[in-house]
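Asks: First, the structure itself, so that you have it in front of you.
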Amino acid sequence: MKNCFVLEVILLYLISHVKMDNNFVFKLKDAPQLYKDFTKRYHRTFQSEYDYNQRYLNFIQTLRYINSINAQTFTQQKVLPNQFADYSDDERRDYLRKTAKRIDPELRMILRMNEDPEIS
């Protein structure tokens, strides 16, 4: 019950403070401010301007992916950015591999299927 309340509070905060339309589709013109808010929320630090720019581009790519999911009308599920929103695909994959023991077998199979085949 307590977890539901906390989740509701977080969702209400996001709905009131994050710039998106009624369908939870993020406006990419607001990406600089969204990323600034993201870096504050998740206490991100950067080693260089290059690192910042790469992570910002990853974040924008994630927003596009989120928008594509949230724009679908046949589902009521909506997706929001989480602490991994500025990770590259490789970083996400590495993170999932490290935590593979805690992942259900079906997801582990999907991860293996997405790997590039070895060329002999």
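For the structure tokens, the naming scheme is as follows: chains receive sequential letters (A, B, ...) according to their order of presentation, residues are indexed from 1 within each chain, and ligands are indexed from 1 in presentation order.
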Give me the residues within 12 Å of Gln54 (chain A) as number ranges by chain, counting only C-alpha atoms and dropping any in the same chain fewer than 6 places off.

Replies: A: 46-48, 60-61, 86-88

Asks: Export, as a compact mmCIF listing (two decimals), in the first residue's frame, the selected residues with N, CA and C atoms.

Replies:
```txt
# COMPACT_ATOMS: atom_id res chain seq x y z
N PHE A 46 30.04 14.46 -15.20
CA PHE A 46 30.64 14.14 -16.50
C PHE A 46 32.13 14.42 -16.47
N GLN A 47 32.90 13.55 -17.12
CA GLN A 47 34.34 13.70 -17.15
C GLN A 47 34.78 14.75 -18.15
N SER A 48 33.95 14.98 -19.15
CA SER A 48 34.32 15.94 -20.19
C SER A 48 33.06 16.42 -20.90
N ILE A 60 18.32 11.69 -25.72
CA ILE A 60 17.38 12.06 -26.79
C ILE A 60 16.89 10.80 -27.51
N GLN A 61 17.80 9.88 -27.78
CA GLN A 61 17.41 8.62 -28.44
C GLN A 61 16.40 7.86 -27.58
N ASP A 86 20.15 7.77 -20.10
CA ASP A 86 21.28 8.31 -20.86
C ASP A 86 22.36 7.26 -21.11
N TYR A 87 22.04 6.00 -20.87
CA TYR A 87 22.98 4.92 -21.18
C TYR A 87 22.91 4.61 -22.67
N SER A 88 24.03 4.17 -23.21
CA SER A 88 24.03 3.67 -24.58
C SER A 88 23.44 2.25 -24.57
```

Asks: Do a neighbour search on Thr62 (chain A) at 8 Å with only C-alpha atoms, toss out local chain neighbours closer than 4 positions, and write the hits as a list in words.

Replies: Asn58, Ile66, Pro81, Ala85 and Asp86 of chain A

Asks: For the residues selected in the previous step, produce a file with C-alpha atoms as a PDB file, in the first residue's frame.

Replies:
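In the end it all went to again34.pdb:
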```pdb
ATOM      1  CA  ASN A  58      21.669   8.813 -25.711  1.00  0.00           C
ATOM      2  CA  ILE A  66       9.681   6.345 -25.268  1.00  0.00           C
ATOM      3  CA  PRO A  81      12.617   7.904 -18.487  1.00  0.00           C
ATOM      4  CA  ALA A  85      17.838   6.933 -19.941  1.00  0.00           C
ATOM      5  CA  ASP A  86      21.276   8.312 -20.859  1.00  0.00           C
TER       6      ASP A  86
END
```

Asks: Of the candidates A:Ile69, A:Lys36, A:Glu49, A:Arg112, which shows the shortest atom-to-atom distance to Asp94 (chain A), using only C-alpha atoms?

Replies: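 Smallest separation from Asp94 (chain A) among the options: A:Arg112.
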
Asks: Can you measure CA of Arg97 (chain A) to CA of Met109 (chain A) for me? One decimal in Å is fine.

Replies: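 These two atoms are separated by 11.2 Å.
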
Asks: With only C-alpha atoms as the basis for distance, which of A:Asn82, A:Gln77, A:Asp89, A:Asn67 is at the shortest distance from Tyr35 (chain A)?

Replies: A:Asn82

Asks: Any idea what's packed within 9 Å of Ala31 (chain A), counting only C-alpha atoms, ignoring anything in its chain fewer than 6 positions away? Could you give it as a ChimeraX atom specification?

Replies: /A:56,59-60,63

Asks: Which residues are close to Asn70 (chain A), i.e. within 8 Å by only C-alpha atoms, leaving aside same-chain residues fewer than 2 positions away? Reply as an MDAnalysis selection string.

Replies: chainID A and resid 23:25 66:68 72:73 77:79
